[in-house]
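The structure under discussion appears below in the form of structure tokens.
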Amino acid sequence: MSYTYKQIVRSWKPANFTMIIAVSVLCLAITAITIAQTPNFPERMPIVERPFSDDPDKFSFAIIGDKTGGGLDKWPVFDRAIDEINILKPDFAIMVGDLIQGDTRDLEQLTAEWKEFWGHQSDLIVPFLPLPGNHDITNPVMYEYWKEHLGRTYSAFTYKNCLFIMLNTEEWHHPTQAEEWDWEKGWFGEEQTKYVEDELAKHSDVRHTFVLLHRPLWLQEHSGWEKIEAALGERAYTVFAGHYHNLTLHTRNDHRYFVLGATGGGFTPQAVREYGAFDHYSIVTVDNEAVNIAIIEPGNIHPADISTAAFKNRLANLLTFKPQFNLNRDQPHSSGNLEITLENTLEKRLKLEIVFNSNEKWQVSPNQLSLQAKPGQTAKTTVTFSVPSDDFLPLPTYNYSALYGGEQLLSRRQLFHPIDREDMRILKDWMLLGPFALDVAETPANQNEVPQNFLEIPLPESDLDETYQGQSGEITWQEHRSESERVNLNNAFGNAELAYGFGTSYIKSPDARRVFAQIGWGSNLGRLYLNGVEVSGAAIPGKHLFSSWAHFELPLKAGWNTLTILSADYNGWWDYRMEVADPTNTLQFSTKPADSQD
């Protein structure tokens, strides 16, 4: 059964919740006294109707962070934030995306998730303006749902001589453009970028401009943000984003750029507030030319600079783990050590606790240790390792935690890597073939479940000139050079969904040898082959691979070896990173070995 938005709202809280309506109706509902202060909304701007403040000079608004992306059991945090915003009573509230969990094409599930969200949001007593996040628009179906039930995907409006620009970082899911999105022109697309440029040109004399978007795309090169930033020019402006569930204040061109944390979304909390890992919402107050921002944790209020990029930069250099290990095939056992350095450049005492997990193949001494350093001090220690040279997998892991002034600052799990990072060769040159249709109707409910037809996909012919029938027509092998450390299949295969493809590269070895290798999967499904034989350990059967690493050995033969990666994804945002150990620089890598053979 399908529901209209009005029917859904009436079935929840008719006494407390008013429906999202067209701007023309909103304007009629505001009294003549406050018409001059009404925002100038474009048609079908997503908004929940409530009265606006009539103060002509000073106003405030709330910004709510991500609710989803984990944190499914954290509605009490979101509800508490809504209650506190009601007490503070800003003029309106904006949410920077990820309102629902999403990631589905099932309309019944979508309706249920939105009903759940509006049920919690309906307690808010001030106007509410949402913008979409990657969980709200994950595919063209969800894009259409947003437009039908909420309205525009990006907007701009003015309020009390301030300009608000609400961007959509998920515009690439537009149904008519999703398969042919031009990533060279960025995430926003030409139409949205032109819209922003026009709005900025029309409102060049506002006292302040606020830009809100879900993904902080100023942190990503060639995202299209550079065009918007250029259009902003020298005007007074502030930028807010979400997505990362971790608060960080950046400064660019003497302007403040906030990555806001979650408001009930999932993350690993840290007691040290400077780390930025705590639930919060924000209150922005505009008073003449001044813009003041309060970071508010339910029950606590923090200044805007509680978690700065400068603190994060120092944090990144606190700990150094330097392996000195020689995997010697000529000896029955290989040994080495891990040098650990704690350099305290912060303002409080640091204490580091490390525990190495048991592994019957690796001998570790000591397997538990502690380091402490006062501000300005450095502490060091060394851990020794020994392992059979011909049987060193799996690699050992260790857990460490750091206390800052007695409060938890870091808590992580690390892998002991026996090969120096500088000796790991990242493979960037590939021959790519795809996309092919995965022949599944939708994402499996259990994503750890590997579709049988994926396990039966045959390897393609070795002839790189062969033509194949792909997902949308004839395709051939294409030479690809990755500009980054990961091979971006989303760009190479045109944002194909429910699809698979192949990547092939070649390795020449002077003799038969086993070399250490690893792959970082950025796809739902994957398999890896060497010379047509699947490599055990390169993918974990029955496990969802996304954001996981696999470590294994490649049994190279003398001469050229063919490395083939089969990768598949449901939602079309996929990549991989392949690395091979080559400490003596004796291996050769190529996309066309026939041109290089002796």
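Chain labels A, B, ... are given in the sequence in which chains occur in the structure tokens; within each chain residues are numbered consecutively from 1, and ligands are likewise numbered from 1 in the order shown.
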
Residues of region 33-101 of chain A that approach region 105-113 of chain A to 10 Å or less, counting only C-alpha atoms: could you list each one with the shortest pair of atoms and its distance in Å to one decimal, rows by chain and increasing residue number, as a Markdown table?
```
| residue | atom | partner | partner_atom | distance |
| --- | --- | --- | --- | --- |
| A:Leu99 | CA | A:Glu113 | CA | 9.1 |
| A:Ile100 | CA | A:Glu113 | CA | 6.1 |
| A:Gln101 | CA | A:Glu113 | CA | 7.3 |
```

Residue neighbourhood region 583-585 of chain A, 9 Å, only C-alpha atoms, exclusion window fewer than 4 positions, as a VMD selection string: chain A and resid 419 to 420 422 to 425

With C-alpha atoms kept, could you save the residues just selected as a PDB file, in the first residue's frame?
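Saved to again29.pdb:
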```pdb
ATOM      1  CA  ILE A 419      57.475  -5.463   5.554  1.00  0.00           C
ATOM      2  CA  ASP A 420      58.489  -1.820   5.647  1.00  0.00           C
ATOM      3  CA  GLU A 422      58.391   1.822   1.714  1.00  0.00           C
ATOM      4  CA  ASP A 423      59.039  -1.684   0.320  1.00  0.00           C
ATOM      5  CA  MET A 424      55.382  -2.274  -0.586  1.00  0.00           C
ATOM      6  CA  ARG A 425      54.818  -1.570  -4.284  1.00  0.00           C
TER       7      ARG A 425
END
```

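Take the candidates A:Leu88, A:Met578, A:Leu212, A:Leu459 and check each one against Val487 (chain A) using only C-alpha atoms; the shortest distance goes to A:Met578.
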
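Considering only C-alpha atoms, the residue among A:Ala445, A:Ala81, A:Ala178, A:Val291 positioned nearest to Tyr143 (chain A) is A:Ala178.
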
Best match for closeness to Val535 (chain A) among A:Arg252, A:Lys322, A:His208, A:His551, counting only C-alpha atoms: A:His551

Contacts of Val96 (chain A) within 8 Å, only C-alpha atoms, excl. fewer than 6 positions in-chain, as a PyMOL selection string: chain A and resi 63-66+130-133+212-214+240-242

Per-residue nearest contacts region 131-198 of chain A to region 496-500 of chain A, cut-off 10 Å, using only C-alpha atoms, as a Markdown table:
```
| residue | atom | partner | partner_atom | distance |
| --- | --- | --- | --- | --- |
| A:Asn139 | CA | A:Glu497 | CA | 8.9 |
| A:Ala178 | CA | A:Ala496 | CA | 8.4 |
| A:Glu179 | CA | A:Ala496 | CA | 6.5 |
| A:Glu180 | CA | A:Ala496 | CA | 9.4 |
```
